[in-house]
file entry.csv (CSV, C-alpha atoms and all ligand atoms)
chain,number,residue,atom,x,y,z
A,1388,MET,CA,99.6,102.4,101.8
A,1389,GLY,CA,100.5,102.2,98.1
A,1390,LYS,CA,98.7,104.0,95.4
A,1391,ARG,CA,96.4,101.8,93.4
A,1392,LEU,CA,97.2,101.7,89.8
A,1393,THR,CA,93.9,100.8,88.1
A,1394,GLY,CA,93.6,99.8,84.5
A,1395,LYS,CA,90.4,101.6,83.6
A,1396,PRO,CA,91.8,105.1,83.0
A,1397,VAL,CA,94.6,103.6,80.9
A,1398,SER,CA,92.2,101.5,78.7
A,1399,LYS,CA,89.8,104.4,78.4
A,1400,ALA,CA,92.5,106.7,76.9
A,1401,ILE,CA,93.6,104.0,74.5
A,1402,TYR,CA,90.0,103.2,73.3
A,1403,ARG,CA,89.4,107.0,72.8
A,1404,ALA,CA,92.5,107.3,70.7
A,1405,VAL,CA,91.7,104.2,68.6
A,1406,LYS,CA,88.1,105.4,68.0
A,1407,GLU,CA,89.3,108.8,66.9
A,1408,ASP,CA,91.9,107.2,64.6
A,1409,ILE,CA,89.5,104.8,63.0
A,1410,SER,CA,86.8,107.4,62.5
A,1411,SER,CA,89.3,109.9,60.9
A,1412,LEU,CA,90.3,107.1,58.4
A,1413,GLY,CA,86.7,106.6,57.4
A,1414,VAL,CA,87.3,102.9,56.7
A,1415,GLU,CA,86.0,99.8,58.6
A,1416,ALA,CA,88.7,97.8,60.3
A,1417,LYS,CA,88.2,94.1,60.7
A,1418,LEU,CA,89.6,91.6,63.1
A,1419,VAL,CA,88.9,87.9,62.6
A,1420,VAL,CA,89.1,85.8,65.8
A,1421,LEU,CA,89.6,82.1,65.3
A,1422,PHE,CA,87.8,80.4,68.1
A,1423,ILE,CA,88.3,76.6,68.3
A,1424,GLY,CA,86.1,74.5,70.6
A,1425,ASP,CA,83.9,75.9,73.3
A,1426,ASP,CA,86.0,77.1,76.3
A,1427,PRO,CA,83.6,79.1,78.5
A,1428,SER,CA,86.1,81.8,79.6
A,1429,ALA,CA,87.4,82.1,76.1
A,1430,ARG,CA,83.8,82.6,74.9
A,1431,PHE,CA,83.3,85.3,77.5
A,1432,TYR,CA,86.5,87.1,76.5
A,1433,VAL,CA,85.6,87.0,72.8
A,1434,ARG,CA,82.1,88.4,73.4
A,1435,ASN,CA,83.7,91.3,75.3
A,1436,LEU,CA,86.1,91.8,72.5
A,1437,GLU,CA,83.3,92.0,69.9
A,1438,ASN,CA,81.4,94.6,72.0
A,1439,ARG,CA,84.6,96.6,72.6
A,1440,GLY,CA,85.4,96.5,68.9
A,1441,ALA,CA,82.0,97.7,67.9
A,1442,LYS,CA,82.3,100.7,70.2
A,1443,VAL,CA,85.5,101.9,68.5
A,1444,GLY,CA,84.6,101.1,64.9
A,1445,ILE,CA,86.3,97.7,64.6
A,1446,VAL,CA,84.3,94.8,63.3
A,1447,VAL,CA,85.3,91.7,65.4
A,1448,GLU,CA,84.2,88.6,63.5
A,1449,THR,CA,84.4,85.4,65.4
A,1450,ARG,CA,84.8,82.2,63.4
A,1451,HIS,CA,83.6,79.4,65.6
A,1452,LEU,CA,85.5,76.3,64.6
A,1453,SER,CA,84.9,72.7,65.7
A,1454,GLY,CA,87.1,71.4,68.5
A,1455,ASP,CA,88.2,68.5,66.2
A,1456,ILE,CA,89.3,70.7,63.3
A,1457,THR,CA,92.4,69.3,61.6
A,1458,HIS,CA,95.7,71.2,61.6
A,1459,GLN,CA,95.5,71.3,57.8
A,1460,SER,CA,92.0,72.8,57.7
A,1461,LEU,CA,93.1,75.5,60.1
A,1462,LEU,CA,96.1,76.3,57.9
A,1463,SER,CA,93.8,76.7,54.9
A,1464,ILE,CA,91.5,79.1,56.8
A,1465,ILE,CA,94.5,81.2,57.8
A,1466,SER,CA,95.8,81.2,54.3
A,1467,GLU,CA,92.5,82.6,53.0
A,1468,LEU,CA,92.4,85.2,55.7
A,1469,ASN,CA,96.0,86.2,54.9
A,1470,THR,CA,95.0,87.2,51.4
A,1471,ASP,CA,91.6,88.7,52.1
A,1472,SER,CA,92.2,92.5,51.9
A,1473,THR,CA,89.0,93.2,54.0
A,1474,VAL,CA,90.7,91.5,57.0
A,1475,HIS,CA,93.2,93.6,58.8
A,1476,GLY,CA,94.0,91.4,61.7
A,1477,ILE,CA,93.8,87.7,62.8
A,1478,MET,CA,93.8,86.5,66.4
A,1479,LEU,CA,94.0,82.9,67.6
A,1480,GLN,CA,91.9,82.4,70.7
A,1481,LYS,CA,93.5,80.0,73.2
A,1482,PRO,CA,93.3,77.3,74.3
A,1483,LEU,CA,94.0,75.3,71.2
A,1484,PRO,CA,93.2,71.6,70.9
A,1485,SER,CA,96.1,69.1,71.1
A,1486,GLN,CA,96.0,68.1,67.4
A,1487,ILE,CA,97.0,71.7,66.5
A,1488,ASP,CA,100.7,72.5,66.3
A,1489,GLU,CA,100.6,76.0,67.7
A,1490,ASP,CA,104.1,77.1,66.6
A,1491,GLU,CA,103.4,76.2,63.0
A,1492,ILE,CA,100.0,77.9,63.1
A,1493,VAL,CA,101.5,81.1,64.5
A,1494,LEU,CA,104.1,81.0,61.8
A,1495,SER,CA,101.4,80.7,59.1
A,1496,ILE,CA,99.7,84.0,60.0
A,1497,ALA,CA,100.9,86.9,57.9
A,1498,PRO,CA,103.1,89.0,60.2
A,1499,GLY,CA,101.2,92.1,59.1
A,1500,LYS,CA,98.0,90.5,60.4
A,1501,ASP,CA,99.4,88.9,63.5
A,1502,MET,CA,97.5,90.9,66.2
A,1503,ASP,CA,98.8,88.7,69.1
A,1504,GLY,CA,102.3,89.7,68.2
A,1505,PHE,CA,103.5,86.1,68.6
A,1506,HIS,CA,104.9,85.6,65.1
A,1507,PRO,CA,108.7,85.1,65.3
A,1508,LEU,CA,109.1,88.2,63.0
A,1509,ASN,CA,107.1,90.4,65.3
A,1510,MET,CA,108.9,88.9,68.4
A,1511,GLY,CA,112.2,89.5,66.6
A,1512,ARG,CA,111.3,93.1,65.9
A,1513,LEU,CA,110.4,93.5,69.5
A,1514,VAL,CA,113.8,92.3,70.7
A,1515,LEU,CA,115.6,94.4,68.0
A,1516,ASP,CA,113.7,97.5,69.0
A,1517,GLN,CA,112.0,97.8,65.7
A,1518,GLU,CA,108.4,98.6,65.1
A,1519,GLY,CA,106.0,95.7,64.9
A,1520,PHE,CA,102.9,94.3,66.6
A,1521,LEU,CA,103.4,94.0,70.3
A,1522,PRO,CA,101.8,91.2,72.4
A,1523,SER,CA,99.0,92.8,74.4
A,1524,THR,CA,99.9,91.7,77.9
A,1525,PRO,CA,103.5,92.9,78.1
A,1526,ALA,CA,102.5,96.0,76.2
A,1527,ALA,CA,99.8,96.6,78.8
A,1528,VAL,CA,102.4,96.6,81.6
A,1529,ILE,CA,104.4,99.2,79.7
A,1530,GLU,CA,101.2,101.3,79.1
A,1531,MET,CA,100.4,101.2,82.8
A,1532,MET,CA,103.9,102.4,83.6
A,1533,ARG,CA,103.6,105.1,81.0
A,1534,HIS,CA,100.2,106.3,82.1
A,1535,TYR,CA,101.1,106.5,85.8
A,1536,GLU,CA,104.6,108.0,85.0
A,1537,ILE,CA,106.5,105.3,86.9
A,1538,ALA,CA,110.2,106.0,86.6
A,1539,VAL,CA,111.7,103.0,84.8
A,1540,ALA,CA,115.0,104.3,83.4
A,1541,GLY,CA,118.0,103.0,85.4
A,1542,LYS,CA,115.7,101.2,87.8
A,1543,HIS,CA,116.1,97.6,88.8
A,1544,VAL,CA,113.0,95.8,87.5
A,1545,VAL,CA,112.6,92.2,88.5
A,1546,VAL,CA,110.2,90.2,86.2
A,1547,LEU,CA,108.9,87.0,87.8
A,1548,GLY,CA,108.2,84.6,84.9
A,1549,ARG,CA,109.9,83.9,81.5
A,1550,SER,CA,107.0,82.8,79.3
A,1551,ALA,CA,106.9,83.7,75.7
A,1552,VAL,CA,103.6,85.5,76.3
A,1553,VAL,CA,104.6,87.7,79.1
A,1554,GLY,CA,107.9,87.5,80.9
A,1555,LYS,CA,110.3,87.3,77.9
A,1556,PRO,CA,108.8,90.0,75.7
A,1557,LEU,CA,108.3,92.3,78.7
A,1558,ALA,CA,111.9,92.0,79.8
A,1559,ASN,CA,112.9,93.0,76.3
A,1560,LEU,CA,110.5,95.9,76.2
A,1561,LEU,CA,111.9,97.2,79.5
A,1562,LEU,CA,115.4,97.0,78.1
A,1563,ARG,CA,114.5,99.2,75.0
A,1564,LYS,CA,116.2,102.5,74.7
A,1565,SER,CA,112.9,104.3,75.0
A,1566,ASN,CA,110.7,106.3,77.3
A,1567,VAL,CA,109.4,103.4,79.4
A,1568,GLY,CA,112.6,101.4,79.1
A,1569,ASN,CA,116.3,101.7,79.9
A,1570,ALA,CA,115.7,99.5,82.9
A,1571,THR,CA,118.1,97.1,84.5
A,1572,VAL,CA,116.2,93.9,84.2
A,1573,THR,CA,116.4,90.6,86.1
A,1574,VAL,CA,114.2,87.7,84.9
A,1575,CYS,CA,113.3,85.0,87.5
A,1576,HIS,CA,111.8,81.6,86.9
A,1577,SER,CA,111.1,78.3,88.6
A,1578,HIS,CA,114.9,77.4,88.7
A,1579,THR,CA,115.9,80.7,90.3
A,1580,GLU,CA,117.7,80.3,93.6
A,1581,ASN,CA,117.1,82.7,96.5
A,1582,LEU,CA,114.1,84.2,94.7
A,1583,ALA,CA,113.0,86.4,97.6
A,1584,ALA,CA,116.5,87.8,98.0
A,1585,ILE,CA,116.3,88.9,94.4
A,1586,THR,CA,112.8,90.3,94.5
A,1587,ARG,CA,113.6,92.3,97.5
A,1588,THR,CA,116.2,94.2,95.5
A,1589,ALA,CA,113.6,95.3,92.9
A,1590,ASP,CA,112.6,98.9,92.5
A,1591,ILE,CA,109.8,97.5,90.4
A,1592,LEU,CA,108.5,94.0,90.7
A,1593,VAL,CA,106.4,92.5,87.9
A,1594,ALA,CA,104.7,89.2,88.8
A,1595,ALA,CA,103.7,86.9,86.0
A,1596,ILE,CA,104.0,83.3,87.2
A,1597,GLY,CA,100.4,82.0,87.5
A,1598,LYS,CA,100.5,81.2,91.2
A,1599,ALA,CA,97.8,82.8,93.4
A,1600,ARG,CA,99.1,85.3,95.9
A,1601,PHE,CA,102.7,84.0,95.5
A,1602,VAL,CA,104.4,87.3,96.2
A,1603,THR,CA,104.1,88.0,99.9
A,1604,PRO,CA,105.1,91.3,101.7
A,1605,ASP,CA,108.4,89.8,102.9
A,1606,MET,CA,109.4,89.5,99.2
A,1607,ILE,CA,109.2,93.2,98.4
A,1608,ARG,CA,111.2,96.2,99.4
A,1609,GLU,CA,109.5,99.1,101.3
A,1610,GLY,CA,108.4,101.6,98.6
A,1611,ALA,CA,108.6,99.2,95.6
A,1612,VAL,CA,106.2,99.4,92.7
A,1613,VAL,CA,104.4,96.1,92.2
A,1614,ILE,CA,102.7,95.2,89.0
A,1615,ASP,CA,100.6,92.1,89.1
A,1616,VAL,CA,99.9,90.3,85.7
A,1617,GLY,CA,98.6,87.1,87.3
A,1618,VAL,CA,95.0,86.0,86.9
A,1619,ASN,CA,94.2,82.9,89.0
A,1620,GLU,CA,90.9,81.3,89.7
A,1621,ILE,CA,90.5,80.2,93.3
A,1622,ASN,CA,87.7,79.0,95.6
A,1623,ASP,CA,87.2,81.5,98.4
A,1624,GLY,CA,84.8,79.6,100.6
A,1625,ASP,CA,81.5,81.5,101.0
A,1626,ARG,CA,82.4,83.9,98.1
A,1627,GLY,CA,82.7,81.0,95.7
A,1628,THR,CA,85.1,81.3,92.8
A,1629,ILE,CA,87.1,84.5,92.6
A,1630,TYR,CA,90.0,85.8,90.6
A,1631,VAL,CA,93.2,86.9,92.3
A,1632,GLY,CA,96.7,87.9,91.1
A,1633,ASP,CA,100.1,86.5,91.7
A,1634,VAL,CA,100.6,89.0,94.5
A,1635,ASP,CA,99.1,88.9,98.0
A,1636,PHE,CA,97.5,92.3,97.4
A,1637,VAL,CA,96.3,93.1,100.9
A,1638,GLY,CA,99.7,92.5,102.5
A,1639,CYS,CA,101.8,94.1,99.8
A,1640,GLU,CA,99.6,97.2,99.4
A,1641,GLU,CA,100.9,98.3,102.8
A,1642,LYS,CA,104.5,98.2,101.8
A,1643,ALA,CA,104.5,99.1,98.1
A,1644,SER,CA,104.5,102.7,96.9
A,1645,ALA,CA,102.2,101.7,94.1
A,1646,ILE,CA,100.5,98.5,93.2
A,1647,THR,CA,98.1,97.1,90.5
A,1648,PRO,CA,94.9,95.3,91.7
A,1649,VAL,CA,93.5,92.1,90.2
A,1650,PRO,CA,91.0,92.3,88.8
A,1651,GLY,CA,90.9,95.9,87.5
A,1652,GLY,CA,94.6,96.3,86.8
A,1653,VAL,CA,96.8,95.1,83.9
A,1654,GLY,CA,94.2,92.8,82.4
A,1655,THR,CA,91.8,95.7,81.8
A,1656,VAL,CA,94.3,97.2,79.4
A,1657,THR,CA,95.0,94.2,77.2
A,1658,THR,CA,91.9,94.2,75.0
A,1659,ALA,CA,92.4,97.9,74.3
A,1660,LEU,CA,95.9,97.2,73.1
A,1661,LEU,CA,94.8,94.3,70.9
A,1662,LEU,CA,92.3,96.7,69.2
A,1663,ARG,CA,95.0,99.3,68.9
A,1664,ASN,CA,97.0,96.7,67.0
A,1665,VAL,CA,94.1,96.3,64.6
A,1666,CYS,CA,94.0,100.0,64.1
A,1667,LEU,CA,97.7,100.0,63.4
A,1668,ALA,CA,97.3,97.2,60.9
A,1669,LEU,CA,94.5,99.1,59.1
A,1670,LYS,CA,96.8,102.2,58.8
A,1671,LYS,CA,99.7,100.0,57.5
A,1672,SER,CA,97.4,98.5,54.9
A,1673,MET,CA,96.6,102.1,53.8
A,1674,GLY,CA,100.3,103.0,53.7
A,1675,LEU,CA,99.7,105.5,56.6
A,1676,ALA,CA,102.0,103.8,59.2
A,1701,LIG,P1,103.3,80.4,82.2
A,1701,LIG,O1,103.4,80.2,80.7
A,1701,LIG,O2,102.8,79.3,83.0
A,1701,LIG,O3,104.7,80.9,82.8
A,1701,LIG,C1,104.9,81.0,84.2
A,1701,LIG,C2,106.3,81.4,84.4
A,1701,LIG,O4,106.4,81.5,85.8
A,1701,LIG,C3,107.3,80.4,83.9
A,1701,LIG,O5,108.4,81.1,83.4
A,1701,LIG,C4,107.7,79.7,85.2
A,1701,LIG,O6,109.1,79.2,85.2
A,1701,LIG,C5,107.6,80.8,86.2
A,1701,LIG,N1,107.3,80.2,87.6
A,1701,LIG,C6,106.3,79.3,87.9
A,1701,LIG,N2,106.4,79.0,89.2
A,1701,LIG,C7,107.4,79.7,89.7
A,1701,LIG,C8,108.0,79.8,91.0
A,1701,LIG,N3,107.5,79.1,92.0
A,1701,LIG,N4,109.0,80.6,91.1
A,1701,LIG,C9,109.5,81.3,90.1
A,1701,LIG,N5,109.0,81.3,88.9
A,1701,LIG,C10,108.0,80.4,88.7
A,1701,LIG,O7,102.3,81.6,82.5
A,1701,LIG,P2,102.0,83.0,81.6
A,1701,LIG,O8,101.2,82.6,80.5
A,1701,LIG,O9,103.2,83.8,81.5
A,1701,LIG,O10,101.0,83.7,82.7
A,1701,LIG,C11,101.5,84.2,83.9
A,1701,LIG,C12,100.3,84.7,84.7
A,1701,LIG,O11,99.8,85.9,84.0
A,1701,LIG,C13,99.1,83.8,84.8
A,1701,LIG,O12,98.5,84.1,86.1
A,1701,LIG,C14,98.2,84.2,83.7
A,1701,LIG,O13,96.8,83.9,84.0
A,1701,LIG,C15,98.4,85.7,83.7
A,1701,LIG,N6,98.1,86.3,82.4
A,1701,LIG,C16,97.4,87.4,82.4
A,1701,LIG,C17,97.0,88.0,81.2
A,1701,LIG,C18,96.2,89.3,81.2
A,1701,LIG,O14,95.7,89.7,80.2
A,1701,LIG,N7,96.1,89.9,82.4
A,1701,LIG,C19,97.5,87.5,80.0
A,1701,LIG,C20,98.4,86.4,80.0
A,1701,LIG,C21,98.7,85.8,81.2
A,1701,LIG,P3,109.6,78.1,84.2
A,1701,LIG,O15,109.8,78.9,82.9
A,1701,LIG,O16,110.9,77.7,84.8
A,1701,LIG,O17,108.6,77.1,84.1
call {"tool": "encode", "arguments": {"input": "entry.csv", "output": "structure tokens", "more": "lines below"}}
Ligand code: NAP
result
Amino acid sequence: MGKRLTGKPVSKAIYRAVKEDISSLGVEAKLVVLFIGDDPSARFYVRNLENRGAKVGIVVETRHLSGDITHQSLLSIISELNTDSTVHGIMLQKPLPSQIDEDEIVLSIAPGKDMDGFHPLNMGRLVLDQEGFLPSTPAAVIEMMRHYEIAVAGKHVVVLGRSAVVGKPLANLLLRKSNVGNATVTVCHSHTENLAAITRTADILVAAIGKARFVTPDMIREGAVVIDVGVNEINDGDRGTIYVGDVDFVGCEEKASAITPVPGGVGTVTTALLLRNVCLALKKSMGLA
């Protein structure tokens, strides 16, 4: 039976460090969240972010914007936030309405305030092994590995999924010449042939494909470490709507040496890392980082 790698101890340690940092600086940090429309799960996420921020000394200000906001109006709001010295970070809450050109909006956010880490400059820095703001989800996978002292160097890590949000940045972080890096990385996607044959060669398997319980026990090697990034809403009969990962947890837990649960795994760490980015942005604005 694999060891359960839960996210709570990891996020707790990050929140503690952020709180200490902010209080030692004696300045208020501010994150502005641009929330367009009224998606219920996004609303829940943002409320949680506001509460978490308040606990560590970061003001999270949510700007509720109408679902029919024009692309130009959004650009103007971002332009103002970019020059407002009381705002240290900007976050764009997804989903975005169809009239918004996401690539152009991301590009318009000042890289020093890009808390999602999706600006091409921050992505470029990530790939080039330079310091910048890291996207929270791949960074959460790295923090989980760091916290639980998973040996990564020289290991074969298979990343399932190549999205710009998770798979691609994560693969690059795992390649870095750093503590939780120096891995041999294989990235798989929907065109990959003989997928199970590849996943079975993984010392560490990271699943980020958005398909409920896709990874079954026959797809992993005995003793592999399994990290599940997926969050999928399914209807579970009497239990109603529940959230499950991309990994068949019950089956794979038997075979893995360690495995992250969903919920309670990687997802628990992402908000903490977003707030850590805000703390870093504040320090940079003070010339301290
Ligand atoms: P995405 O943009 O839909 O990307 C999915 C990736 O999986 C794509 O690269 C796709 O390949 C690949 N894929 C899909 N079906 C496949 C299959 N049958 N075999 C092999 N590869 C397949 O999703 P995402 O945004 O990266 O998210 C992935 C999962 O992580 C989702 O469950 C999402 O909810 C979760 N997530 C969690 C957090 C968190 O905080 N915990 C944050 C973000 C995302 P192609 O590129 O060929 O299409």
call {"tool": "residues_near_ligand", "arguments": {"input": "entry.csv", "ligand": "ligand LIG 1701 (chain A)", "cutoff": "7 Å", "atoms": "all atoms listed in the file", "output": "JSON, numbers by chain"}}
result
{"A": [1524, 1547, 1548, 1549, 1550, 1551, 1552, 1553, 1554, 1575, 1576, 1577, 1578, 1579, 1595, 1596, 1597, 1598, 1616, 1617, 1618, 1619, 1632, 1633, 1653, 1654, 1657]}
call {"tool": "write_last_selection", "arguments": {"input": "entry.csv", "atoms": "C-alpha atoms", "output": "PDB file, keeping the file's coordinate frame"}}
result
ATOM      1  CA  THR A1524      99.900  91.700  77.900  1.00  0.00           C
ATOM      2  CA  LEU A1547     108.900  87.000  87.800  1.00  0.00           C
ATOM      3  CA  GLY A1548     108.200  84.600  84.900  1.00  0.00           C
ATOM      4  CA  ARG A1549     109.900  83.900  81.500  1.00  0.00           C
ATOM      5  CA  SER A1550     107.000  82.800  79.300  1.00  0.00           C
ATOM      6  CA  ALA A1551     106.900  83.700  75.700  1.00  0.00           C
ATOM      7  CA  VAL A1552     103.600  85.500  76.300  1.00  0.00           C
ATOM      8  CA  VAL A1553     104.600  87.700  79.100  1.00  0.00           C
ATOM      9  CA  GLY A1554     107.900  87.500  80.900  1.00  0.00           C
ATOM     10  CA  CYS A1575     113.300  85.000  87.500  1.00  0.00           C
ATOM     11  CA  HIS A1576     111.800  81.600  86.900  1.00  0.00           C
ATOM     12  CA  SER A1577     111.100  78.300  88.600  1.00  0.00           C
ATOM     13  CA  HIS A1578     114.900  77.400  88.700  1.00  0.00           C
ATOM     14  CA  THR A1579     115.900  80.700  90.300  1.00  0.00           C
ATOM     15  CA  ALA A1595     103.700  86.900  86.000  1.00  0.00           C
ATOM     16  CA  ILE A1596     104.000  83.300  87.200  1.00  0.00           C
ATOM     17  CA  GLY A1597     100.400  82.000  87.500  1.00  0.00           C
ATOM     18  CA  LYS A1598     100.500  81.200  91.200  1.00  0.00           C
ATOM     19  CA  VAL A1616      99.900  90.300  85.700  1.00  0.00           C
ATOM     20  CA  GLY A1617      98.600  87.100  87.300  1.00  0.00           C
ATOM     21  CA  VAL A1618      95.000  86.000  86.900  1.00  0.00           C
ATOM     22  CA  ASN A1619      94.200  82.900  89.000  1.00  0.00           C
ATOM     23  CA  GLY A1632      96.700  87.900  91.100  1.00  0.00           C
ATOM     24  CA  ASP A1633     100.100  86.500  91.700  1.00  0.00           C
ATOM     25  CA  VAL A1653      96.800  95.100  83.900  1.00  0.00           C
ATOM     26  CA  GLY A1654      94.200  92.800  82.400  1.00  0.00           C
ATOM     27  CA  THR A1657      95.000  94.200  77.200  1.00  0.00           C
TER      28      THR A1657
END
call {"tool": "residues_around", "arguments": {"input": "entry.csv", "residues": "Gly1519 of chain A", "least_positions_apart": "6", "cutoff": "7 Å", "atoms": "only C-alpha atoms", "output": "ChimeraX atom specification"}}
result
/A:1509,1512-1513
call {"tool": "atom_distance", "arguments": {"input": "entry.csv", "atom1": "atom CA of Glu1415 of chain A", "atom2": "atom CA of Gln1517 of chain A"}}
result
27.0 Å
call {"tool": "residues_near_point", "arguments": {"input": "entry.csv", "point": "(117.9, 93.2, 90.2)", "cutoff": "9 Å", "atoms": "all atoms listed in the file", "output": "VMD selection string"}}
result
chain A and resid 1542 to 1545 1571 to 1574 1585 to 1590
call {"tool": "atom_distance", "arguments": {"input": "entry.csv", "atom1": "atom CA of Glu1620 of chain A", "atom2": "atom CA of Gly1394 of chain A"}}
result
19.4 Å
call {"tool": "closest_residue", "arguments": {"input": "entry.csv", "among": "A:Gly1511, A:Gly1444, A:Gly1389, A:Gly1499", "to": "Ala1404 of chain A", "atoms": "all atoms listed in the file"}}
result
A:Gly1444
call {"tool": "residues_around", "arguments": {"input": "entry.csv", "residues": "Gln1480 of chain A", "least_positions_apart": "2", "cutoff": "8 Å", "atoms": "all atoms listed in the file", "output": "JSON, numbers by chain"}}
result
{"A": [1420, 1421, 1422, 1423, 1429, 1478, 1482, 1483]}
call {"tool": "closest_residue", "arguments": {"input": "entry.csv", "among": "A:Ala1540, A:Thr1658, A:Gly1638, A:Asp1501", "to": "Arg1434 of chain A", "atoms": "all atoms listed in the file"}}
result
A:Thr1658
call {"tool": "closest_residue", "arguments": {"input": "entry.csv", "among": "A:His1475, A:Lys1395, A:His1458, A:Lys1500", "to": "Ile1487 of chain A", "atoms": "all atoms listed in the file"}}
result
A:His1458
call {"tool": "residues_around", "arguments": {"input": "entry.csv", "residues": "segment 1525-1533 of chain A", "least_positions_apart": "2", "cutoff": "10 Å", "atoms": "only C-alpha atoms", "output": "count of residues only"}}
result
46
call {"tool": "atom_distance", "arguments": {"input": "entry.csv", "atom1": "atom CA of Tyr1630 of chain A", "atom2": "atom CA of Asn1435 of chain A"}}
result
17.4 Å
call {"tool": "closest_residue", "arguments": {"input": "entry.csv", "among": "A:Ala1583, A:Val1649, A:Met1606, A:Ala1599", "to": "Ile1621 of chain A", "atoms": "all atoms listed in the file"}}
result
A:Ala1599
call {"tool": "closest_residue", "arguments": {"input": "entry.csv", "among": "A:Arg1439, A:Met1388, A:Leu1582, A:Ala1676", "to": "Glu1609 of chain A", "atoms": "only C-alpha atoms"}}
result
A:Met1388
call {"tool": "residues_near_point", "arguments": {"input": "entry.csv", "point": "(82.6, 100.9, 70.2)", "cutoff": "12 Å", "atoms": "all atoms listed in the file", "output": "list of chain:residue names"}}
result
A:Lys1399, A:Tyr1402, A:Arg1403, A:Ala1404, A:Val1405, A:Lys1406, A:Glu1407, A:Ile1409, A:Ser1410, A:Asn1435, A:Leu1436, A:Glu1437, A:Asn1438, A:Arg1439, A:Gly1440, A:Ala1441, A:Lys1442, A:Val1443, A:Gly1444, A:Ile1445, A:Val1446, A:Val1447, A:Ala1659, A:Leu1662
call {"tool": "closest_residue", "arguments": {"input": "entry.csv", "among": "A:Ile1496, A:Ala1416, A:Ile1607, A:Val1637", "to": "Leu1468 of chain A", "atoms": "all atoms listed in the file"}}
result
A:Ile1496
call {"tool": "residues_around", "arguments": {"input": "entry.csv", "residues": "Gly1476 of chain A", "least_positions_apart": "5", "cutoff": "6 Å", "atoms": "all atoms listed in the file", "output": "ChimeraX atom specification"}}
result
/A:1418,1500,1502,1665
call {"tool": "build_atoms", "arguments": {"input": "entry.csv", "residues": "segment 1659-1672 of chain A", "atoms": "N, CA and C atoms", "output": "PDB file, keeping the file's coordinate frame"}}
result
ATOM      1  N   ALA A1659      92.201  96.594  74.968  1.00  0.00           N
ATOM      2  CA  ALA A1659      92.400  97.900  74.300  1.00  0.00           C
ATOM      3  C   ALA A1659      93.599  97.872  73.402  1.00  0.00           C
ATOM      4  N   LEU A1660      94.657  97.217  73.871  1.00  0.00           N
ATOM      5  CA  LEU A1660      95.900  97.200  73.100  1.00  0.00           C
ATOM      6  C   LEU A1660      95.784  96.253  71.881  1.00  0.00           C
ATOM      7  N   LEU A1661      95.012  95.203  72.033  1.00  0.00           N
ATOM      8  CA  LEU A1661      94.800  94.300  70.900  1.00  0.00           C
ATOM      9  C   LEU A1661      94.038  95.105  69.793  1.00  0.00           C
ATOM     10  N   LEU A1662      93.038  95.880  70.197  1.00  0.00           N
ATOM     11  CA  LEU A1662      92.300  96.700  69.200  1.00  0.00           C
ATOM     12  C   LEU A1662      93.171  97.790  68.640  1.00  0.00           C
ATOM     13  N   ARG A1663      94.099  98.293  69.440  1.00  0.00           N
ATOM     14  CA  ARG A1663      95.000  99.300  68.900  1.00  0.00           C
ATOM     15  C   ARG A1663      95.918  98.666  67.831  1.00  0.00           C
ATOM     16  N   ASN A1664      96.276  97.404  68.012  1.00  0.00           N
ATOM     17  CA  ASN A1664      97.000  96.700  67.000  1.00  0.00           C
ATOM     18  C   ASN A1664      96.250  96.623  65.678  1.00  0.00           C
ATOM     19  N   VAL A1665      94.931  96.378  65.789  1.00  0.00           N
ATOM     20  CA  VAL A1665      94.100  96.300  64.600  1.00  0.00           C
ATOM     21  C   VAL A1665      94.069  97.639  63.867  1.00  0.00           C
ATOM     22  N   CYS A1666      93.972  98.694  64.647  1.00  0.00           N
ATOM     23  CA  CYS A1666      94.000 100.000  64.100  1.00  0.00           C
ATOM     24  C   CYS A1666      95.306 100.304  63.359  1.00  0.00           C
ATOM     25  N   LEU A1667      96.395  99.876  63.963  1.00  0.00           N
ATOM     26  CA  LEU A1667      97.700 100.000  63.400  1.00  0.00           C
ATOM     27  C   LEU A1667      97.814  99.226  62.058  1.00  0.00           C
ATOM     28  N   ALA A1668      97.248  98.013  62.076  1.00  0.00           N
ATOM     29  CA  ALA A1668      97.300  97.200  60.900  1.00  0.00           C
ATOM     30  C   ALA A1668      96.483  97.817  59.748  1.00  0.00           C
ATOM     31  N   LEU A1669      95.353  98.421  60.092  1.00  0.00           N
ATOM     32  CA  LEU A1669      94.500  99.100  59.100  1.00  0.00           C
ATOM     33  C   LEU A1669      95.369 100.258  58.461  1.00  0.00           C
ATOM     34  N   LYS A1670      96.000 101.042  59.331  1.00  0.00           N
ATOM     35  CA  LYS A1670      96.800 102.200  58.800  1.00  0.00           C
ATOM     36  C   LYS A1670      97.938 101.683  57.944  1.00  0.00           C
ATOM     37  N   LYS A1671      98.588 100.593  58.351  1.00  0.00           N
ATOM     38  CA  LYS A1671      99.700 100.000  57.500  1.00  0.00           C
ATOM     39  C   LYS A1671      99.154  99.596  56.186  1.00  0.00           C
ATOM     40  N   SER A1672      97.949  98.993  56.190  1.00  0.00           N
ATOM     41  CA  SER A1672      97.400  98.500  54.900  1.00  0.00           C
ATOM     42  C   SER A1672      97.082  99.690  53.987  1.00  0.00           C
TER      43      SER A1672
END
